[in-house]
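Pasting coords.cif here (mmCIF, C-alpha atoms):
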data_my_file
#
loop_
_atom_site.label_atom_id
_atom_site.label_comp_id
_atom_site.auth_asym_id
_atom_site.auth_seq_id
_atom_site.Cartn_x
_atom_site.Cartn_y
_atom_site.Cartn_z
CA MET A 81 -31.05 15.17 -72.41
CA ASN A 82 -27.82 16.87 -71.46
CA VAL A 83 -27.26 17.88 -67.88
CA ASP A 84 -25.61 21.21 -67.19
CA PRO A 85 -23.16 20.66 -64.30
CA ALA A 86 -23.98 24.10 -62.96
CA GLN A 87 -27.59 23.03 -62.51
CA VAL A 88 -26.75 20.04 -60.31
CA PRO A 89 -27.20 20.94 -56.63
CA SER A 90 -24.69 19.93 -54.02
CA GLY A 91 -25.58 16.94 -51.93
CA ARG A 92 -23.32 18.13 -49.13
CA VAL A 93 -24.74 21.56 -48.36
CA ARG A 94 -28.39 21.94 -47.47
CA PRO A 95 -29.85 25.05 -49.14
CA THR A 96 -31.40 27.61 -46.84
CA GLU A 97 -34.63 27.33 -48.80
CA TYR A 98 -35.43 24.16 -50.65
CA ARG A 99 -38.06 21.82 -51.97
CA ARG A 100 -38.21 18.36 -50.46
CA SER A 101 -36.73 15.60 -52.57
CA ALA A 102 -39.46 13.78 -54.48
CA ALA A 103 -37.06 10.92 -55.23
CA ARG A 104 -36.52 10.35 -51.52
CA GLN A 105 -40.24 10.44 -50.83
CA ASP A 106 -40.89 8.00 -53.68
CA LEU A 107 -38.21 5.67 -52.33
CA ILE A 108 -39.80 5.68 -48.89
CA ALA A 109 -43.31 5.20 -50.22
CA LYS A 110 -42.30 2.31 -52.43
CA ASN A 111 -40.01 0.44 -50.06
CA PHE A 112 -40.76 1.44 -46.49
CA GLY A 113 -44.51 1.52 -46.37
CA ARG A 114 -46.66 -0.10 -43.70
CA ARG A 115 -47.09 -3.24 -45.76
CA ASN A 116 -43.35 -3.79 -45.87
CA LEU A 117 -43.05 -3.21 -42.16
CA LEU A 118 -45.54 -5.95 -41.43
CA LYS A 119 -43.89 -8.32 -43.84
CA ALA A 120 -40.51 -7.71 -42.28
CA GLY A 121 -41.78 -8.97 -38.98
CA VAL A 122 -42.25 -12.50 -40.23
CA ILE A 123 -39.21 -13.15 -42.33
CA ALA A 124 -35.58 -13.64 -41.61
CA GLY A 125 -33.22 -11.76 -43.83
CA VAL A 126 -30.09 -12.70 -45.65
CA ALA A 127 -28.44 -9.80 -47.36
CA LEU A 128 -26.16 -10.40 -50.27
CA SER A 129 -24.41 -8.10 -52.67
CA LEU A 130 -22.34 -8.77 -55.72
CA ASN A 131 -19.37 -6.89 -54.46
CA VAL A 132 -19.56 -6.05 -50.79
CA LEU A 133 -21.97 -8.24 -48.93
CA GLU A 134 -23.29 -8.32 -45.47
CA LEU A 135 -25.37 -10.91 -43.70
CA VAL A 136 -27.97 -9.49 -41.38
CA PRO A 137 -29.52 -11.75 -38.75
CA ARG A 138 -33.10 -10.63 -39.03
CA LEU A 139 -35.10 -7.89 -40.64
CA ALA A 140 -37.03 -6.52 -37.70
CA PRO A 141 -39.39 -3.62 -38.29
CA LYS A 142 -37.04 -1.21 -36.59
CA ALA A 143 -34.47 -2.00 -39.29
CA PHE A 144 -36.58 -0.05 -41.73
CA ALA A 145 -35.98 3.21 -39.97
CA ALA A 146 -33.28 5.32 -41.55
CA PRO A 147 -30.03 3.76 -40.36
CA ALA A 148 -28.00 5.92 -38.03
CA THR A 149 -24.73 7.20 -39.36
CA TRP A 150 -21.88 4.77 -38.71
CA ALA A 151 -24.20 2.10 -37.40
CA ARG A 152 -23.06 -0.51 -39.87
CA CYS A 153 -19.40 0.20 -39.27
CA GLY A 154 -20.17 -0.25 -35.60
CA ASP A 155 -21.49 -3.69 -36.38
CA TYR A 156 -18.11 -4.69 -37.73
CA GLN A 157 -16.50 -3.57 -34.53
CA THR A 158 -18.85 -5.23 -32.10
CA THR A 159 -19.32 -8.58 -33.81
CA ASN A 160 -15.71 -9.56 -34.36
CA SER A 161 -13.57 -9.43 -31.29
CA HIS A 162 -10.37 -9.97 -33.24
CA TRP A 163 -11.07 -7.21 -35.65
CA GLY A 164 -7.80 -5.38 -36.06
CA GLU A 165 -7.72 -4.03 -39.57
CA CYS A 166 -9.65 -1.63 -41.72
CA ASN A 167 -12.11 -4.06 -43.20
CA PRO A 168 -13.75 -7.35 -42.31
CA PHE A 169 -12.30 -8.82 -45.49
CA ALA A 170 -8.81 -8.12 -44.24
CA SER A 171 -7.92 -11.68 -43.42
CA SER A 172 -9.24 -13.03 -46.70
CA GLY A 173 -6.97 -11.04 -48.94
CA THR A 174 -9.91 -9.97 -51.11
CA VAL A 175 -9.47 -6.40 -49.97
CA LYS A 176 -5.96 -5.02 -50.07
CA ILE A 177 -5.05 -2.70 -47.23
CA SER A 178 -2.15 -0.32 -47.33
CA HIS A 179 -1.16 3.26 -46.76
CA GLY A 180 0.01 3.09 -50.35
CA TYR A 181 -3.62 3.46 -51.42
CA CYS A 182 -3.86 6.84 -49.66
CA ASN A 183 -3.53 10.29 -51.23
CA VAL A 184 -1.62 13.18 -49.70
CA ASN A 185 -4.50 13.81 -47.31
CA ASP A 186 -4.51 10.20 -46.15
CA TYR A 187 -7.82 9.31 -47.74
CA HIS A 188 -8.14 6.79 -50.56
CA ARG A 189 -6.54 8.03 -53.75
CA ALA A 190 -8.62 8.73 -56.86
CA ASP A 191 -6.03 9.20 -59.56
CA THR A 192 -4.49 7.26 -62.43
CA VAL A 193 -1.02 5.74 -62.22
CA ALA A 194 0.88 4.35 -65.20
CA VAL A 195 2.76 1.09 -64.76
CA MET A 196 4.65 -1.18 -67.13
CA GLY A 197 2.16 -2.22 -69.83
CA GLY A 198 -0.86 -0.55 -68.33
CA TYR A 199 -2.26 1.80 -65.75
CA TYR A 200 -4.22 1.77 -62.53
CA GLU A 201 -7.37 3.81 -62.13
CA TYR A 202 -8.13 4.42 -58.46
CA TYR A 203 -11.58 5.27 -57.11
CA ARG A 204 -13.13 5.88 -53.73
CA ARG A 205 -16.05 3.82 -52.53
CA ALA A 206 -17.87 6.93 -51.47
CA THR A 207 -20.67 5.36 -49.45
CA SER A 208 -19.31 1.95 -48.46
CA CYS A 209 -19.36 2.52 -44.72
CA ASP A 210 -22.99 3.26 -43.93
CA GLY A 211 -23.07 6.09 -46.41
CA LYS A 212 -19.58 7.33 -45.62
CA ASN A 213 -16.22 6.61 -47.15
CA ALA A 214 -13.99 6.63 -44.09
CA TRP A 215 -14.11 5.84 -40.41
CA VAL A 216 -11.90 5.61 -37.35
CA TRP A 217 -11.23 2.55 -35.26
CA ARG A 218 -10.36 3.19 -31.65
CA ILE A 219 -8.44 0.27 -30.22
CA ILE A 220 -10.09 0.74 -26.85
CA HIS A 221 -13.09 -1.02 -28.39
CA ASN A 222 -11.02 -3.95 -29.59
CA GLN A 223 -8.29 -4.62 -27.09
CA THR A 224 -7.60 -8.17 -28.28
CA ALA A 225 -6.63 -7.00 -31.76
CA PRO A 226 -3.15 -8.16 -32.74
CA ASN A 227 -2.16 -4.81 -34.22
CA TYR A 228 -2.73 -2.56 -31.29
CA ARG A 229 -3.12 0.89 -32.85
CA ASP A 230 -5.93 3.28 -33.65
CA ARG A 231 -6.42 3.77 -37.35
CA ARG A 232 -8.44 5.66 -39.91
CA CYS A 233 -9.70 3.70 -42.89
CA SER A 234 -10.86 5.01 -46.26
CA ASP A 235 -12.41 2.58 -48.76
CA GLY A 236 -11.63 2.46 -52.46
CA ARG A 237 -10.84 0.20 -55.34
CA TYR A 238 -8.65 0.03 -58.38
CA VAL A 239 -9.10 -1.04 -61.98
CA LEU A 240 -5.99 -2.20 -63.80
CA LYS A 241 -6.25 -1.57 -67.53
CA ASP A 242 -4.13 -2.73 -70.43
CA GLY A 243 -2.00 0.11 -71.77
CA THR A 244 -2.64 -0.80 -75.40
CA SER A 245 -6.18 -2.13 -75.65
CA GLY A 246 -7.62 -0.43 -72.58
CA ALA A 247 -9.17 -3.75 -71.53
CA VAL A 248 -9.70 -4.29 -67.80
CA ARG A 249 -7.08 -6.75 -66.53
CA ALA A 250 -7.93 -6.72 -62.84
CA ARG A 251 -10.13 -5.05 -60.31
CA ASN A 252 -9.88 -5.06 -56.56
CA ASP A 253 -11.41 -3.44 -53.54
CA THR A 254 -8.78 -1.64 -51.51
CA CYS A 255 -8.50 0.30 -48.30
CA CYS A 256 -6.30 3.24 -47.37
CA GLU A 257 -5.10 2.74 -43.82
CA LEU A 258 -3.71 5.58 -41.73
CA ILE A 259 -2.18 4.48 -38.45
CA LEU A 260 -3.04 7.04 -35.79
CA PRO A 261 -1.16 8.01 -32.65
CA ARG A 262 -2.06 6.14 -29.49
CA THR A 263 -4.97 8.15 -28.20
CA GLY A 264 -6.16 6.14 -25.26
CA THR A 265 -9.80 5.86 -24.46
CA ALA A 266 -11.56 8.15 -26.93
CA ALA A 267 -14.78 6.77 -28.38
CA VAL A 268 -15.16 5.86 -32.03
CA THR A 269 -15.83 9.14 -33.78
CA PRO A 270 -17.06 9.95 -37.26
CA ASP A 271 -14.28 11.18 -39.48
CA THR A 272 -15.00 11.65 -43.12
CA PRO A 273 -13.61 13.79 -45.90
CA MET B 275 -16.98 -19.99 -46.55
CA LEU B 276 -14.31 -19.92 -43.92
CA ALA B 277 -16.23 -21.29 -40.98
CA ALA B 278 -13.73 -23.19 -38.85
CA ALA B 279 -10.53 -21.17 -38.72
CA PRO B 280 -8.72 -21.44 -35.37
CA GLU B 281 -8.42 -17.68 -35.32
CA THR B 282 -11.95 -16.38 -34.86
CA GLY B 283 -11.03 -13.16 -36.62
CA GLN B 284 -10.75 -15.11 -39.85
CA ARG B 285 -14.15 -16.75 -39.66
CA GLY B 286 -17.09 -15.55 -41.64
CA VAL B 287 -15.36 -14.82 -44.94
CA ILE B 288 -17.44 -15.94 -47.90
CA TYR B 289 -16.18 -16.07 -51.44
CA TRP B 290 -17.85 -17.46 -54.56
CA ARG B 291 -16.60 -17.29 -58.12
CA GLY B 292 -18.45 -18.31 -61.27
CA PRO B 293 -17.52 -18.07 -64.92
CA HIS B 294 -18.73 -14.48 -65.20
CA PHE B 295 -19.24 -12.99 -61.75
CA GLU B 296 -17.86 -13.27 -58.28
CA VAL B 297 -19.34 -12.69 -54.87
CA SER B 298 -17.56 -11.89 -51.66
CA SER B 299 -19.11 -11.46 -48.28
CA PHE B 300 -18.51 -11.38 -44.59
CA ALA B 301 -20.91 -12.95 -42.12
CA PRO B 302 -19.94 -11.49 -38.75
CA HIS B 303 -22.60 -13.45 -36.91
CA SER B 304 -21.03 -16.73 -37.97
CA VAL B 305 -18.06 -16.08 -35.70
CA SER B 306 -19.88 -17.11 -32.58
CA ILE B 307 -21.81 -20.10 -33.95
CA SER B 308 -20.64 -23.56 -34.86
CA PRO B 309 -19.16 -24.12 -38.33
CA LYS B 310 -21.93 -26.57 -39.17
CA ILE B 311 -24.64 -24.04 -38.46
CA ALA B 312 -22.67 -21.25 -40.14
CA MET B 313 -22.50 -23.25 -43.35
CA ARG B 314 -26.28 -23.45 -43.40
CA LEU B 315 -26.27 -19.75 -44.25
CA LEU B 316 -25.15 -20.72 -47.73
CA ALA B 317 -26.63 -24.18 -48.07
CA GLY B 318 -30.01 -22.90 -49.15
CA LEU B 319 -28.80 -20.63 -51.95
CA THR B 320 -28.55 -21.31 -55.66
CA PHE B 321 -26.17 -19.29 -57.84
CA GLU B 322 -27.08 -18.94 -61.52
CA ASP B 323 -24.26 -17.24 -63.36
CA ASP B 324 -24.33 -16.30 -67.02
CA GLU B 325 -23.00 -13.44 -69.08
CA ASN B 326 -26.17 -11.40 -68.60
CA GLY B 327 -26.08 -11.43 -64.85
CA LEU B 328 -25.91 -13.36 -61.62
CA VAL B 329 -29.04 -14.54 -59.86
CA ILE B 330 -28.81 -15.72 -56.26
CA SER B 331 -31.96 -17.31 -54.96
CA PRO B 332 -33.02 -19.46 -52.02
CA ASN B 333 -33.75 -23.04 -53.06
CA GLU B 334 -35.44 -24.40 -50.03
CA ASP B 335 -37.97 -23.30 -47.49
CA ASN B 336 -35.52 -21.83 -45.08
CA GLY B 337 -37.48 -18.68 -44.36
CA GLU B 338 -34.83 -16.40 -45.79
CA THR B 339 -34.93 -13.65 -48.36
CA VAL B 340 -32.18 -12.87 -50.81
CA ASP B 341 -31.47 -9.18 -50.78
CA VAL B 342 -28.88 -7.47 -52.95
CA VAL B 343 -27.38 -4.79 -50.75
CA SER B 344 -25.01 -3.25 -53.26
CA THR B 345 -23.39 -3.96 -56.57
CA SER B 346 -20.85 -2.14 -58.67
CA ALA B 347 -19.73 -1.98 -62.27
CA TYR B 348 -16.92 -0.37 -64.19
CA ILE B 349 -18.02 1.66 -67.19
CA HIS B 350 -15.41 2.51 -69.78
CA ASP B 351 -14.72 6.23 -70.11
CA VAL B 352 -17.25 7.02 -67.36
CA GLY B 353 -15.85 5.54 -64.15
CA MET B 354 -17.33 3.40 -61.40
CA LEU B 355 -21.01 2.83 -60.80
CA ASP B 356 -22.33 1.58 -57.47
CA PHE B 357 -25.94 0.64 -56.83
CA LEU B 358 -27.31 0.93 -53.30
CA ASN B 359 -30.42 -0.92 -52.22
CA PRO B 360 -33.35 1.03 -50.72
CA ARG B 361 -32.15 0.75 -47.13
CA ARG B 362 -28.70 2.07 -47.96
CA ALA B 363 -30.08 4.60 -50.40
CA LEU B 364 -32.28 6.13 -47.74
CA SER B 365 -29.24 6.95 -45.64
CA VAL B 366 -27.51 8.88 -48.42
CA ILE B 367 -30.24 10.61 -50.45
CA PRO B 368 -30.52 14.25 -49.34
CA ALA B 369 -33.76 15.63 -48.00
CA TRP B 370 -33.67 18.51 -50.48
CA ALA B 371 -34.50 18.22 -54.15
CA GLY B 372 -31.86 17.38 -56.70
CA LYS B 373 -31.70 18.03 -60.43
CA LYS B 374 -34.38 16.07 -62.23
CA VAL B 375 -33.13 13.25 -64.46
CA PRO B 376 -35.16 10.54 -66.24
CA VAL B 377 -34.87 8.04 -63.37
CA GLY B 378 -35.05 10.39 -60.39
CA GLU B 379 -32.96 13.21 -58.99
CA LEU B 380 -29.27 14.02 -59.18
CA TRP B 381 -26.85 15.57 -56.68
CA HIS B 382 -23.17 16.41 -56.86
CA PHE B 383 -20.89 15.56 -53.94
CA PRO B 384 -17.76 17.66 -54.42
CA ASP B 385 -14.55 16.89 -52.56
CA ASP B 386 -12.76 20.10 -51.67
CA GLU B 387 -9.38 18.42 -51.30
CA ASP B 388 -9.39 16.05 -54.28
CA ARG B 389 -11.59 16.79 -57.26
CA ASN B 390 -11.00 13.27 -58.60
CA ALA B 391 -12.91 12.02 -55.57
CA ASP B 392 -16.07 13.95 -56.49
CA TYR B 393 -19.08 11.77 -57.12
CA TYR B 394 -22.66 12.03 -58.32
CA LEU B 395 -25.63 10.47 -56.58
CA VAL B 396 -28.81 9.54 -58.40
CA GLY B 397 -31.80 8.96 -56.13
CA THR B 398 -34.56 6.78 -57.53
CA ASP B 399 -37.62 5.08 -56.12
CA SER B 400 -35.74 1.77 -56.26
CA GLY B 401 -32.42 2.73 -54.70
CA ALA B 402 -29.50 4.99 -55.45
CA LEU B 403 -26.71 5.09 -58.00
CA VAL B 404 -23.29 6.45 -57.14
CA VAL B 405 -21.22 7.46 -60.16
CA SER B 406 -17.55 8.17 -59.49
CA PRO B 407 -15.82 9.70 -62.53
CA GLY B 408 -12.32 9.56 -61.04
CA THR B 409 -10.05 11.12 -63.64
CA TYR B 410 -12.65 11.03 -66.42
CA PRO B 411 -14.49 14.23 -67.42
CA HIS B 412 -17.59 14.89 -65.36
CA SER B 413 -19.46 15.56 -68.58
CA SER B 414 -19.12 11.86 -69.47
CA ALA B 415 -20.66 10.86 -66.14
CA LEU B 416 -23.50 13.34 -66.55
CA ASN B 417 -24.22 12.16 -70.09
CA PHE B 418 -24.26 8.59 -68.85
CA ILE B 419 -26.61 9.43 -66.00
CA SER B 420 -29.01 11.27 -68.28
CA SER B 421 -29.07 8.26 -70.62
CA ILE B 422 -30.31 5.84 -67.93
CA VAL B 423 -33.96 5.10 -68.60
CA SER B 424 -34.78 2.55 -65.91
CA VAL B 425 -33.52 1.45 -62.50
CA ARG B 426 -35.05 -1.61 -60.93
CA TYR B 427 -34.43 -3.39 -57.67
CA GLU B 428 -36.08 -6.69 -56.88
CA THR B 429 -36.08 -8.84 -53.82
CA MET B 430 -36.74 -12.49 -54.49
CA GLU B 431 -38.81 -13.79 -51.66
CA LYS B 432 -39.14 -17.52 -51.53
CA VAL B 433 -40.75 -18.05 -48.19
CA ALA B 434 -42.46 -15.98 -45.54
CA ARG B 435 -43.30 -18.05 -42.54
#
Would you mind giving the structure from this file in structure tokens?
Amino acid sequence: MNVDPAQVPSGRVRPTEYRRSAARQDLIAKNFGRRNLLKAGVIAGVALSLNVLELVPRLAPKAFAAPATWARCGDYQTTNSHWGECNPFASSGTVKISHGYCNVNDYHRADTVAVMGGYYEYYRRATSCDGKNAWVWRIIHNQTAPNYRDRRCSDGRYVLKDGTSGAVRARNDTCCELILPRTGTAAVTPDTP
Amino acid sequence: MLAAAPETGQRGVIYWRGPHFEVSSFAPHSVSISPKIAMRLLAGLTFEDDENGLVISPNEDNGETVDVVSTSAYIHDVGMLDFLNPRRALSVIPAWAGKKVPVGELWHFPDDEDRNADYYLVGTDSGALVVSPGTYPHSSALNFISSIVSVRYETMEKVAR
């Protein structure tokens, strides 16, 4: 089965007339039915992922509603008073943060760069921040942060491949950080490419 | 797990590496609790790592569920593949119908400023797949997506109290 690119609808622009997504309805029916709601009320939840993990304190029934845009990014902000970088992994070194990971538009780059003996393939993590790729921190919400500047963050990763064999030599999650002007007291606002 | 750093901003980092896979995490709620209690978050988990996959499961009756939120893989000549669990998938799958594929529906998310940042989203009844071709031809990504015959997401529940 070959897919014609011209037949693939955009996920960004809602058609004026459209059929409802059956895949979405199936997802809801299978995973968010009444039975699951009841079950969620009696268990605590630990959420793990193989790459980017989060620990959630408890799976209350309300957690099964569609999460609000940016809600999870907001969690990062409100649960770590010393949060001053683009990612909660910042202090661990497992996510590399730099403006060097940005493209000309100051979002995470998605190109290929040759280096001695190999090349880097850069990708965006398109949905890493509650379904979005990028977000803005306003320092007014985190006044104890050591690096006292507003910033926009765009998630990505790189794969370093061997120039001869093409084998993957390294892989890392990365974050494009754009330091913003001091803007005072503006609230955290969605900002996505 | 970094549970007792003097700088509270450093607490909560979790990192585990096995012979085949690695896991990293951040537990924001551990910042405000004692290191001893924070470490209990991991004490009840068993990691089984082999070349076919990594299984993380609770090994005692601690009333917790193990829930894979997301996972990613690099696919040669196709790009990056991210899997989103049902909760995350629900927030990104459009309300309108996509192109039918064997495991669900497919949408294209173009990036007007950087075509290399385009991605494809596959909505299924078990979650969502995000395929990012990067600099690879989109035709490779679409062929890969159309070749997927099954997507499965399982939550391993040990205890419900």
Quiz item: Which one of A:Ala247, A:Ala194, A:Cys233, A:Leu258 sits closest to chain B if you count all atoms listed in the file?
Solution: A:Ala247
Practice problem: One decimal, Å: what's the distance from atom CA of Arg104 of chain A over to atom CA of Ala371 of chain B, could you say? | Solution: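 Calculated distance between atom CA of Arg104 of chain A and atom CA of Ala371 of chain B is 8.5 Å.
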Quiz prompt | Ref. answer, residues at most 7 Å from (-15.2, 9.0, -73.4) with only C-alpha atoms, as a PyMOL selection string | solution = chain B and resi 351-352+414
Exercise. Just give me the gap between atom CA of Arg204 of chain A and atom CA of Tyr181 of chain A in Å, one decimal is fine.
Key: 10.1 Å
Practice problem: Point out the residue among B:Val423, B:Met275, B:Ala363, B:Val375 with the least atom-to-atom distance to Asp399 of chain B, counting all atoms listed in the file. | Solution: B:Ala363
Quiz item: What gap, in Å, lies between atom CA of Lys310 of chain B and atom CA of Val297 of chain B?
Solution: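 If I compute the distance from atom CA of Lys310 of chain B to atom CA of Val297 of chain B, I get 21.1 Å.
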Quiz item: If I put a ball of radius 6 Å at (-31.5, 6.6, -55.0) in the file's coordinates, which residues poke into it when counting all atoms listed in the file, written as a list in words?
Solution: Ala363, Val396, Gly397, Thr398, Gly401, Ala402 and Leu403 of chain B
Where does the PyMOL selection byres ((chain A and resi 236) around 10) land in this file, that is, which residues does it pick, as a PDB file with C-alpha atoms, in the coordinates of the input?
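Output (selection_39.pdb):
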ATOM      1  CA  VAL A 175      -9.470  -6.400 -49.970  1.00  0.00           C
ATOM      2  CA  LYS A 176      -5.960  -5.020 -50.070  1.00  0.00           C
ATOM      3  CA  ILE A 177      -5.050  -2.700 -47.230  1.00  0.00           C
ATOM      4  CA  TYR A 181      -3.620   3.460 -51.420  1.00  0.00           C
ATOM      5  CA  CYS A 182      -3.860   6.840 -49.660  1.00  0.00           C
ATOM      6  CA  TYR A 187      -7.820   9.310 -47.740  1.00  0.00           C
ATOM      7  CA  HIS A 188      -8.140   6.790 -50.560  1.00  0.00           C
ATOM      8  CA  ARG A 189      -6.540   8.030 -53.750  1.00  0.00           C
ATOM      9  CA  ALA A 190      -8.620   8.730 -56.860  1.00  0.00           C
ATOM     10  CA  TYR A 202      -8.130   4.420 -58.460  1.00  0.00           C
ATOM     11  CA  TYR A 203     -11.580   5.270 -57.110  1.00  0.00           C
ATOM     12  CA  ARG A 204     -13.130   5.880 -53.730  1.00  0.00           C
ATOM     13  CA  ARG A 205     -16.050   3.820 -52.530  1.00  0.00           C
ATOM     14  CA  ALA A 206     -17.870   6.930 -51.470  1.00  0.00           C
ATOM     15  CA  THR A 207     -20.670   5.360 -49.450  1.00  0.00           C
ATOM     16  CA  SER A 208     -19.310   1.950 -48.460  1.00  0.00           C
ATOM     17  CA  ASN A 213     -16.220   6.610 -47.150  1.00  0.00           C
ATOM     18  CA  ALA A 214     -13.990   6.630 -44.090  1.00  0.00           C
ATOM     19  CA  CYS A 233      -9.700   3.700 -42.890  1.00  0.00           C
ATOM     20  CA  SER A 234     -10.860   5.010 -46.260  1.00  0.00           C
ATOM     21  CA  ASP A 235     -12.410   2.580 -48.760  1.00  0.00           C
ATOM     22  CA  ARG A 237     -10.840   0.200 -55.340  1.00  0.00           C
ATOM     23  CA  TYR A 238      -8.650   0.030 -58.380  1.00  0.00           C
ATOM     24  CA  ASN A 252      -9.880  -5.060 -56.560  1.00  0.00           C
ATOM     25  CA  ASP A 253     -11.410  -3.440 -53.540  1.00  0.00           C
ATOM     26  CA  THR A 254      -8.780  -1.640 -51.510  1.00  0.00           C
ATOM     27  CA  CYS A 255      -8.500   0.300 -48.300  1.00  0.00           C
ATOM     28  CA  CYS A 256      -6.300   3.240 -47.370  1.00  0.00           C
TER      29      CYS A 256
END
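Among the candidate residues A:Asp106, A:Val216, A:Glu257, A:Val93, the one lying nearest to chain B is A:Asp106, with distances computed using all atoms listed in the file.
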Quiz item: Could you pull the residues within 9 Å of Gly198 of chain A, counting all atoms listed in the file, minus those fewer than 4 positions along the same chain, as a PyMOL selection string?
Solution: chain A and resi 193-194+240-244+246+249
Practice problem: Specify as a PyMOL selection string each residue included when the PyMOL selection byres ((chain B and resi 370) around 9) is applied to this file. | Solution: (chain A and resi 91+94-95+98-102+104) or (chain B and resi 367-369+371-372)
Practice problem: List the neighbours of Val405 of chain B out to 9 Å using all atoms listed in the file; skip same-chain residues closer than 6 positions along the sequence, and give me the result as number ranges by chain. | Solution: B: 352-357, 393-396, 415-416, 419
Could you save the residues just selected, with C-alpha atoms, as a PDB file, in the frame of the given file?
ATOM      1  CA  VAL B 352     -17.250   7.020 -67.360  1.00  0.00           C
ATOM      2  CA  GLY B 353     -15.850   5.540 -64.150  1.00  0.00           C
ATOM      3  CA  MET B 354     -17.330   3.400 -61.400  1.00  0.00           C
ATOM      4  CA  LEU B 355     -21.010   2.830 -60.800  1.00  0.00           C
ATOM      5  CA  ASP B 356     -22.330   1.580 -57.470  1.00  0.00           C
ATOM      6  CA  PHE B 357     -25.940   0.640 -56.830  1.00  0.00           C
ATOM      7  CA  TYR B 393     -19.080  11.770 -57.120  1.00  0.00           C
ATOM      8  CA  TYR B 394     -22.660  12.030 -58.320  1.00  0.00           C
ATOM      9  CA  LEU B 395     -25.630  10.470 -56.580  1.00  0.00           C
ATOM     10  CA  VAL B 396     -28.810   9.540 -58.400  1.00  0.00           C
ATOM     11  CA  ALA B 415     -20.660  10.860 -66.140  1.00  0.00           C
ATOM     12  CA  LEU B 416     -23.500  13.340 -66.550  1.00  0.00           C
ATOM     13  CA  ILE B 419     -26.610   9.430 -66.000  1.00  0.00           C
TER      14      ILE B 419
END
Quiz item: Got a sec to resolve the PyMOL selection byres ((chain A and resi 81) around 7) on this structure and send the residues as a PyMOL selection string?
Solution: (chain A and resi 82-83) or (chain B and resi 420)
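Between chain B and the candidates A:Asn183, A:Ser178, A:Ser90, A:Ser245, the tightest atom-to-atom separation, counting all atoms listed in the file, involves A:Ser90.
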Can you pull out the residues contacting Tyr427 of chain B? Cut-off 9 Å, using all atoms listed in the file, and skip same-chain residues under 5 positions away; I want them as a tab-separated table (two decimals) with C-alpha atoms, keeping the file's coordinate frame.
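After the write, part37.tsv holds the following:
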chain	number	residue	atom	x	y	z
B	342	VAL	CA	-28.88	-7.47	-52.95
B	359	ASN	CA	-30.42	-0.92	-52.22
B	360	PRO	CA	-33.35	1.03	-50.72
B	400	SER	CA	-35.74	1.77	-56.26
B	401	GLY	CA	-32.42	2.73	-54.70
Quiz item: Which is closer to chain A than all the others in B:Lys373, B:Tyr410, B:Pro309, B:Val425, using all atoms listed in the file?
Solution: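 Looking at the shortest contact to chain A, the residue is B:Lys373.
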